[in-house]
Structure formats: structure tokens, C-alpha cells
>>> print(open('query12.txt').read())   # compact mmCIF, C-alpha atoms
# COMPACT_ATOMS: atom_id res chain seq x y z
CA MET A 2 14.41 14.29 24.60
CA MET A 3 15.07 11.18 22.52
CA ASN A 4 18.08 9.09 23.47
CA CYS A 5 19.68 7.94 20.22
CA ASP A 6 23.10 6.33 20.00
CA PRO A 7 25.07 7.71 17.03
CA VAL A 8 27.40 4.71 17.07
CA THR A 9 24.90 1.83 17.04
CA GLY A 10 22.13 3.74 15.26
CA ALA A 11 19.51 2.79 17.83
CA CYS A 12 16.97 5.01 19.59
CA LEU A 13 15.93 3.99 23.09
CA LEU A 14 12.23 3.99 23.89
CA PRO A 15 10.45 4.95 27.11
CA GLU A 16 8.93 2.54 29.58
CA LEU A 17 5.24 1.69 29.19
CA ASP A 18 2.72 0.24 31.61
CA THR A 19 1.81 -3.19 30.23
CA ALA A 20 -0.15 -4.47 33.21
CA THR A 21 -3.61 -4.24 31.65
CA SER A 22 -2.75 -5.47 28.16
CA VAL A 23 -3.11 -8.95 26.78
CA LYS A 24 -0.19 -10.78 25.30
CA PRO A 25 -0.26 -11.24 21.54
CA THR A 26 -0.77 -14.60 19.93
CA LEU A 27 2.48 -15.38 18.09
CA ARG A 28 2.52 -17.25 14.83
CA GLN A 29 4.05 -20.70 14.58
CA GLY A 30 6.78 -21.43 12.08
CA LEU A 31 9.16 -18.81 10.72
CA ALA A 32 8.65 -15.05 10.63
CA VAL A 33 10.66 -11.84 10.55
CA ARG A 34 9.37 -9.03 12.78
CA TYR A 35 10.52 -5.48 12.13
CA VAL A 36 9.92 -3.22 15.12
CA GLY A 37 10.19 0.51 14.55
CA ASP A 38 8.47 3.88 14.36
CA PRO A 39 7.84 6.03 11.27
CA MET A 40 9.35 9.00 13.12
CA CYS A 41 12.44 7.18 14.38
CA SER A 42 15.25 8.77 12.37
CA TRP A 43 17.41 5.63 12.28
CA CYS A 44 14.38 3.70 11.00
CA TRP A 45 14.39 6.11 8.05
CA GLY A 46 18.11 5.53 7.77
CA ILE A 47 17.68 1.77 7.27
CA SER A 48 14.55 2.06 5.12
CA PRO A 49 16.32 0.69 2.01
CA THR A 50 17.58 -2.27 4.06
CA VAL A 51 14.06 -3.03 5.29
CA LYS A 52 12.73 -2.98 1.72
CA VAL A 53 15.39 -5.51 0.66
CA LEU A 54 14.55 -7.64 3.71
CA ALA A 55 10.81 -7.59 2.98
CA ASP A 56 11.41 -8.54 -0.65
CA PHE A 57 13.69 -11.40 0.41
CA CYS A 58 11.10 -12.70 2.87
CA ALA A 59 8.37 -12.54 0.22
CA ALA A 60 10.54 -14.46 -2.22
CA GLU A 61 11.50 -17.10 0.35
CA GLY A 62 8.03 -17.60 1.80
CA ILE A 63 8.95 -16.11 5.18
CA ALA A 64 6.25 -14.11 6.96
CA PHE A 65 7.22 -10.46 7.42
CA SER A 66 5.46 -7.91 9.61
CA ILE A 67 5.99 -4.46 11.09
CA THR A 68 5.20 -3.63 14.71
CA MET A 69 4.86 -0.03 15.84
CA GLY A 70 6.93 0.80 18.90
CA GLY A 71 5.80 4.27 19.97
CA LEU A 72 9.19 5.95 20.24
CA ARG A 73 7.71 9.21 21.50
CA ALA A 74 3.99 8.49 21.82
CA GLY A 75 2.42 11.63 23.27
CA GLY A 76 5.40 13.84 22.43
CA GLY A 77 5.91 16.56 25.00
CA ASP A 78 9.40 17.94 24.41
CA PRO A 79 9.36 21.74 24.03
CA TRP A 80 9.95 22.76 20.40
CA SER A 81 12.96 24.74 21.51
CA PRO A 82 16.12 25.82 19.69
CA GLN A 83 17.99 23.18 21.67
CA PHE A 84 15.66 20.38 20.58
CA LYS A 85 15.75 21.52 16.96
CA ASP A 86 19.55 21.65 17.07
CA PHE A 87 19.57 18.12 18.44
CA LEU A 88 17.37 16.94 15.57
CA ARG A 89 19.41 18.79 12.95
CA ASN A 90 22.66 17.25 14.17
CA GLU A 91 21.08 13.80 14.42
CA TRP A 92 19.64 13.95 10.91
CA GLN A 93 22.87 15.26 9.40
CA HIS A 94 24.78 12.40 11.03
CA ILE A 95 22.31 9.76 9.82
CA ALA A 96 22.34 11.20 6.31
CA LYS A 97 26.13 10.95 6.27
CA VAL A 98 26.17 7.37 7.58
CA THR A 99 23.31 5.97 5.49
CA GLY A 100 23.03 8.20 2.43
CA GLN A 101 19.33 8.73 3.09
CA PRO A 102 17.96 12.18 2.16
CA PHE A 103 16.76 14.58 4.84
CA GLY A 104 15.02 17.92 4.51
CA PHE A 105 15.19 20.49 7.28
CA THR A 106 12.16 22.69 6.58
CA LEU A 107 10.28 21.19 9.54
CA LEU A 108 12.90 22.68 11.85
CA GLU A 109 11.85 26.14 10.67
CA ALA A 110 8.29 25.63 11.97
CA PRO A 111 7.49 27.80 15.00
CA HIS A 112 5.57 24.96 16.68
CA PHE A 113 5.60 21.17 16.38
CA ASN A 114 4.81 18.37 18.80
CA TYR A 115 7.13 15.45 18.06
CA ASP A 116 4.38 12.98 18.91
CA THR A 117 4.90 9.67 17.11
CA GLU A 118 1.55 8.14 18.12
CA PRO A 119 -0.48 9.53 15.18
CA ALA A 120 2.01 8.20 12.62
CA CYS A 121 2.10 4.82 14.35
CA ARG A 122 -1.70 4.78 14.55
CA ALA A 123 -1.91 5.54 10.83
CA VAL A 124 0.13 2.41 10.11
CA ALA A 125 -2.02 0.39 12.52
CA THR A 126 -5.08 1.74 10.68
CA VAL A 127 -3.72 0.51 7.36
CA LYS A 128 -3.13 -2.90 8.93
CA LEU A 129 -6.81 -3.01 9.88
CA LEU A 130 -7.82 -2.00 6.35
CA GLN A 131 -5.45 -4.56 4.87
CA ALA A 132 -7.03 -7.33 6.93
CA LYS A 133 -10.59 -6.13 6.29
CA HIS A 134 -10.23 -5.90 2.51
CA ASN A 135 -7.61 -8.65 2.05
CA LEU A 136 -5.18 -6.19 0.51
CA PRO A 137 -1.59 -7.16 -0.35
CA GLU A 138 0.51 -7.28 2.81
CA ALA A 139 3.13 -5.09 1.12
CA VAL A 140 0.80 -2.09 1.43
CA VAL A 141 1.70 -1.76 5.11
CA LEU A 142 5.42 -1.26 4.49
CA GLN A 143 4.63 0.98 1.52
CA PHE A 144 2.50 3.19 3.75
CA PHE A 145 5.11 3.19 6.52
CA SER A 146 7.83 4.22 4.06
CA ALA A 147 5.64 6.92 2.52
CA ILE A 148 5.16 8.50 5.95
CA GLN A 149 8.92 8.54 6.45
CA GLN A 150 9.52 10.17 3.07
CA LYS A 151 6.88 12.84 3.60
CA PHE A 152 8.09 13.62 7.12
CA TYR A 153 11.87 13.44 6.81
CA VAL A 154 12.31 14.76 3.29
CA GLU A 155 9.29 17.01 2.78
CA GLY A 156 9.01 18.19 6.39
CA GLN A 157 5.24 17.72 6.66
CA ASP A 158 3.34 17.48 9.96
CA THR A 159 2.39 13.89 10.82
CA THR A 160 0.03 15.00 13.59
CA LYS A 161 -2.43 16.44 11.04
CA LEU A 162 -4.97 14.04 9.59
CA ASP A 163 -4.70 15.45 6.07
CA PHE A 164 -1.02 14.44 6.05
CA TYR A 165 -2.18 10.89 5.19
CA ALA A 166 -4.72 11.65 2.46
CA GLU A 167 -2.27 11.83 -0.44
CA ILE A 168 -0.55 8.64 0.70
CA CYS A 169 -3.89 6.83 0.85
CA LEU A 170 -4.80 7.97 -2.65
CA ARG A 171 -1.44 6.93 -4.03
CA LEU A 172 -1.79 3.44 -2.53
CA GLY A 173 -5.44 3.01 -3.52
CA LEU A 174 -6.86 3.32 0.00
CA ASP A 175 -10.20 4.98 0.62
CA VAL A 176 -9.47 8.29 2.36
CA VAL A 177 -12.88 8.61 4.01
CA GLU A 178 -12.69 5.08 5.38
CA PHE A 179 -9.11 5.63 6.55
CA ASN A 180 -10.02 8.87 8.34
CA ALA A 181 -12.98 7.32 10.15
CA LEU A 182 -10.99 4.29 11.25
CA PHE A 183 -7.95 6.38 12.24
CA GLU A 184 -10.10 8.31 14.74
CA SER A 185 -11.82 5.20 16.09
CA PRO A 186 -11.25 3.48 19.44
CA GLU A 187 -10.39 0.35 17.44
CA ALA A 188 -7.33 1.95 15.83
CA LYS A 189 -6.22 3.59 19.09
CA GLN A 190 -6.44 0.26 20.88
CA ALA A 191 -4.67 -1.54 18.03
CA VAL A 192 -1.67 0.76 18.09
CA HIS A 193 -1.43 0.65 21.88
CA GLN A 194 -1.36 -3.14 21.70
CA GLU A 195 1.55 -2.87 19.26
CA PHE A 196 3.41 -0.59 21.68
CA VAL A 197 2.91 -3.18 24.39
CA ARG A 198 3.82 -6.10 22.15
CA CYS A 199 7.24 -4.77 21.24
CA ARG A 200 8.10 -4.37 24.91
CA GLN A 201 6.85 -7.85 25.69
CA TRP A 202 9.21 -9.07 23.02
CA GLY A 203 12.03 -7.39 24.93
CA VAL A 204 12.62 -4.64 22.36
CA ARG A 205 14.20 -1.59 23.96
CA SER A 206 15.40 0.42 20.96
CA PHE A 207 14.59 1.03 17.31
CA PRO A 208 15.08 -0.22 14.72
CA THR A 209 15.06 -3.84 15.84
CA ILE A 210 14.63 -6.85 13.56
CA LEU A 211 13.62 -10.13 15.14
CA LEU A 212 13.42 -13.69 13.92
CA GLU A 213 10.50 -15.70 15.27
CA ARG A 214 10.83 -19.47 15.12
CA ASN A 215 7.98 -21.51 16.58
CA GLY A 216 7.04 -18.67 18.90
CA GLU A 217 10.58 -18.00 20.13
CA MET A 218 12.13 -14.60 19.40
CA SER A 219 15.77 -13.83 18.69
CA ALA A 220 17.36 -10.59 17.51
CA LEU A 221 18.74 -10.43 13.99
CA ALA A 222 19.78 -6.77 14.20
CA VAL A 223 19.44 -3.77 16.50
CA GLY A 224 20.24 -0.34 15.11
CA MET A 225 21.87 0.45 11.80
CA VAL A 226 22.61 -2.53 9.56
CA LYS A 227 23.33 -2.93 5.85
CA ALA A 228 21.17 -5.15 3.68
CA ASP A 229 23.87 -7.67 2.85
CA GLN A 230 24.82 -8.06 6.51
CA LEU A 231 21.21 -8.52 7.53
CA LEU A 232 20.44 -11.09 4.86
CA THR A 233 23.59 -13.01 5.77
CA ALA A 234 22.51 -13.07 9.42
CA LEU A 235 19.01 -14.19 8.46
CA LYS A 236 20.25 -16.98 6.17
CA HIS A 237 22.59 -18.26 8.88
CA ALA A 238 19.82 -18.16 11.48
CA ILE A 239 17.45 -20.06 9.23
CA ALA A 240 20.06 -22.68 8.44
CA ALA A 241 20.99 -23.20 12.09
>>> encode(input="query12.txt", output="C-alpha cells")
Amino acid sequence: MMNCDPVTGACLLPELDTATSVKPTLRQGLAVRYVGDPMCSWCWGISPTVKVLADFCAAEGIAFSITMGGLRAGGGDPWSPQFKDFLRNEWQHIAKVTGQPFGFTLLEAPHFNYDTEPACRAVATVKLLQAKHNLPEAVVLQFFSAIQQKFYVEGQDTTKLDFYAEICLRLGLDVVEFNALFESPEAKQAVHQEFVRCRQWGVRSFPTILLERNGEMSALAVGMVKADQLLTALKHAIAA
């Protein structure tokens, strides 16, 4: 079962074998790295903050990127009354703290595997499409946020491929191309590398927001944070 701290608003992630993976090449200069998971409930809670952050970075010429963390890649928890009660209580608490909307129809489903890998892989797939077609970088966060909305509010199943079709159409992505790439070894390897990367950066819970300066990482925020607090921390860090 997920280990989420209701006080800090951070969800701990499991260990992952990184022995066979290559280290990522980090950009020089200044960049903000948001590390999360579309199915991390606190990541949905701070979604408005992340949008403000991304807009600020775009306006200030600061590189902004999202790295998938694989909160529950592979799933595995029994879809039991106890697990559903845990989720219901967690979502109600986050809704109260953040004001973000939650629907609870998913909890009425007789079966569901809370596997976050497909949703993370979908975002990694969009990153590949963005690079291939030179699409606006903002499409990645838009896709990420659309997954969150459709999962947390509408209660749709992220493990089904057709979950992503409407989002692709809305964002002008080719559904056939997305589907083929989503199922490819390239996308599966890409998302696994992101899982590894976040751990190599020392991230142990979501959401985490990092500042990269000349290849060196420092944490701007871990867990729940308001937009004004985050921007203040970022401005101070940049000025330092």
C-alpha cells in the first residue's frame, strides 16, 4: 500500500534496481525539474501550483521539465475494501487541504490495478512525440494534467489504452501514432529511465521540485506547497 504523509503531502516511492541503467546527461545552466506521477494524489493536489510554476519558468526563460517517478509501477495491491477506504480517506483529505476536485466513482469498480506505469509511460510517449515533431514543450504538462483530471475527477481506468485517445485528440496528437509508440520497447525503456533518473537525483517522495544549476541539484519543495511560496523559494534560489 502507498505510504503517503498527510502532514507533508508527500508519497514515498519504492526502491528500484538502478544497477543496469545509464545516468542521464544533465543540462547546463538553470532548470526546474518537477518529479511526480500522474496517479500520485498529492501531485494532483498541487497541479495548480505546477501550472503557475511552469508559466513562470516559461516567462523567465528557465527550462522546465517533468520526470516520471513510478510511484506504484506494476501495481499489485489487492483492490480490497481496506485499500479503497484508504484511497477514499486520502482523497478526501487532499481535497480539503488543496481545494482540488475528486470523484469517487473509481472506488465503486469491482476490479482495478493501481499500476502507475501505464500513465507514466503515456507521458514518456508524449515526450518522444514532442521531440520527434518539435511540438511545444507545454504539451507534456498539458497531457500530464489531463491524465490527472480524467483519473481523479472522472474515475477512468488509466491502464486501458483507449483512456488516452480523447486526450490525444484534444491536444492535437495523432492517436494511431501515440498507440503504436506507447506499446513500443522505446517508450517502455524511456519511462524506466525516468524512474531511475529520479532516484539518481535522490528523490524519495512525490511531488518533488528541484532546481538544477550547472548540473547540481537542490530541492525547492517536497510535498504540498502553494504557488506563492514556491515562486518565492525559486526567486531566492536564483538570486543566491
>>> residues_around(input="query12.txt", residues="stretch 96-112 of chain A", least_positions_apart="3", cutoff="7 Å", atoms="only C-alpha atoms", output="NGL selection string")
:A and (46 or 80 or 85 or 92-93 or 153-157)
>>> atom_distance(input="query12.txt", atom1="atom CA of A:Leu31", atom2="atom CA of A:Gly203")
18.5 Å
>>> closest_atom_pairs(input="query12.txt", of="stretch 138-180 of chain A", to="stretch 61-65 of chain A", cutoff="10 Å", atoms="only C-alpha atoms", output="tab-separated table")
residue	atom	partner	partner_atom	distance
A:Glu138	CA	A:Phe65	CA	8.7
A:Ala139	CA	A:Phe65	CA	9.2
A:Leu142	CA	A:Phe65	CA	9.8
>>> closest_residue(input="query12.txt", among="A:Leu136, A:Val53, A:Leu170, A:Ala59", to="A:Lys227", atoms="all atoms listed in the file")
A:Val53
>>> atom_distance(input="query12.txt", atom1="atom CA of A:Leu72", atom2="atom CA of A:Glu118")
8.2 Å
>>> residues_near_point(input="query12.txt", point="(9.3, -1.8, 13.8)", cutoff="10 Å", atoms="only C-alpha atoms", output="short mmCIF file (atom, residue, chain, number, x, y, z; two decimals) with C-alpha atoms, in the coordinates of the input")
data_model
loop_
_atom_site.label_atom_id
_atom_site.label_comp_id
_atom_site.auth_asym_id
_atom_site.auth_seq_id
_atom_site.Cartn_x
_atom_site.Cartn_y
_atom_site.Cartn_z
CA ARG A 34 9.37 -9.03 12.78
CA TYR A 35 10.52 -5.48 12.13
CA VAL A 36 9.92 -3.22 15.12
CA GLY A 37 10.19 0.51 14.55
CA ASP A 38 8.47 3.88 14.36
CA PRO A 39 7.84 6.03 11.27
CA CYS A 41 12.44 7.18 14.38
CA CYS A 44 14.38 3.70 11.00
CA VAL A 51 14.06 -3.03 5.29
CA SER A 66 5.46 -7.91 9.61
CA ILE A 67 5.99 -4.46 11.09
CA THR A 68 5.20 -3.63 14.71
CA MET A 69 4.86 -0.03 15.84
CA GLY A 70 6.93 0.80 18.90
CA GLY A 71 5.80 4.27 19.97
CA CYS A 121 2.10 4.82 14.35
CA PHE A 145 5.11 3.19 6.52
CA GLU A 195 1.55 -2.87 19.26
CA PHE A 196 3.41 -0.59 21.68
CA CYS A 199 7.24 -4.77 21.24
CA VAL A 204 12.62 -4.64 22.36
CA SER A 206 15.40 0.42 20.96
CA PHE A 207 14.59 1.03 17.31
CA PRO A 208 15.08 -0.22 14.72
CA THR A 209 15.06 -3.84 15.84
CA ILE A 210 14.63 -6.85 13.56
CA LEU A 211 13.62 -10.13 15.14
#
>>> residues_around(input="query12.txt", residues="A:Ser185", least_positions_apart="6", cutoff="12 Å", atoms="all atoms listed in the file", output="CSV table (one decimal) with C-alpha atoms, keeping the file's coordinate frame")
chain,number,residue,atom,x,y,z
A,122,ARG,CA,-1.7,4.8,14.6
A,123,ALA,CA,-1.9,5.5,10.8
A,125,ALA,CA,-2.0,0.4,12.5
A,126,THR,CA,-5.1,1.7,10.7
A,129,LEU,CA,-6.8,-3.0,9.9
A,178,GLU,CA,-12.7,5.1,5.4
A,179,PHE,CA,-9.1,5.6,6.6
A,191,ALA,CA,-4.7,-1.5,18.0
A,192,VAL,CA,-1.7,0.8,18.1
>>> atom_distance(input="query12.txt", atom1="atom CA of A:Leu212", atom2="atom CA of A:Ala234")
10.2 Å
>>> closest_residue(input="query12.txt", among="A:Ser42, A:Gln201, A:Thr50, A:Ser81", to="A:His94", atoms="all atoms listed in the file")
A:Ser42
>>> axis_aligned_box(input="query12.txt", around="stretch 144-148 of chain A", padding_each_side="8 Å", output="AutoDock Vina command-line options")
--center_x 5.2 --center_y 5.8 --center_z 4.5 --size_x 21.3 --size_y 21.3 --size_z 20.0
>>> closest_residue(input="query12.txt", among="A:Ala147, A:Thr160, A:Ala238, A:Phe84", to="A:Ala220", atoms="only C-alpha atoms")
A:Ala238
>>> closest_residue(input="query12.txt", among="A:Leu88, A:Ala120, A:Ile168, A:Val176", to="A:Val140", atoms="all atoms listed in the file")
A:Ile168
>>> closest_residue(input="query12.txt", among="A:Pro79, A:Pro119, A:Gly224, A:Pro49", to="A:Gln150", atoms="only C-alpha atoms")
A:Pro49
>>> closest_residue(input="query12.txt", among="A:Val197, A:Leu54, A:Val33, A:Met40", to="A:Val226", atoms="only C-alpha atoms")
A:Leu54
>>> residues_near_point(input="query12.txt", point="(-7.9, 1.9, -1.5)", cutoff="12 Å", atoms="all atoms listed in the file", output="list in words")
Val127, Leu130, Gln131, Lys133, His134, Asn135, Leu136, Pro137, Val140, Phe144, Ala166, Glu167, Ile168, Cys169, Leu170, Arg171, Leu172, Gly173, Leu174, Asp175, Val176, Val177, Glu178 and Phe179 of chain A
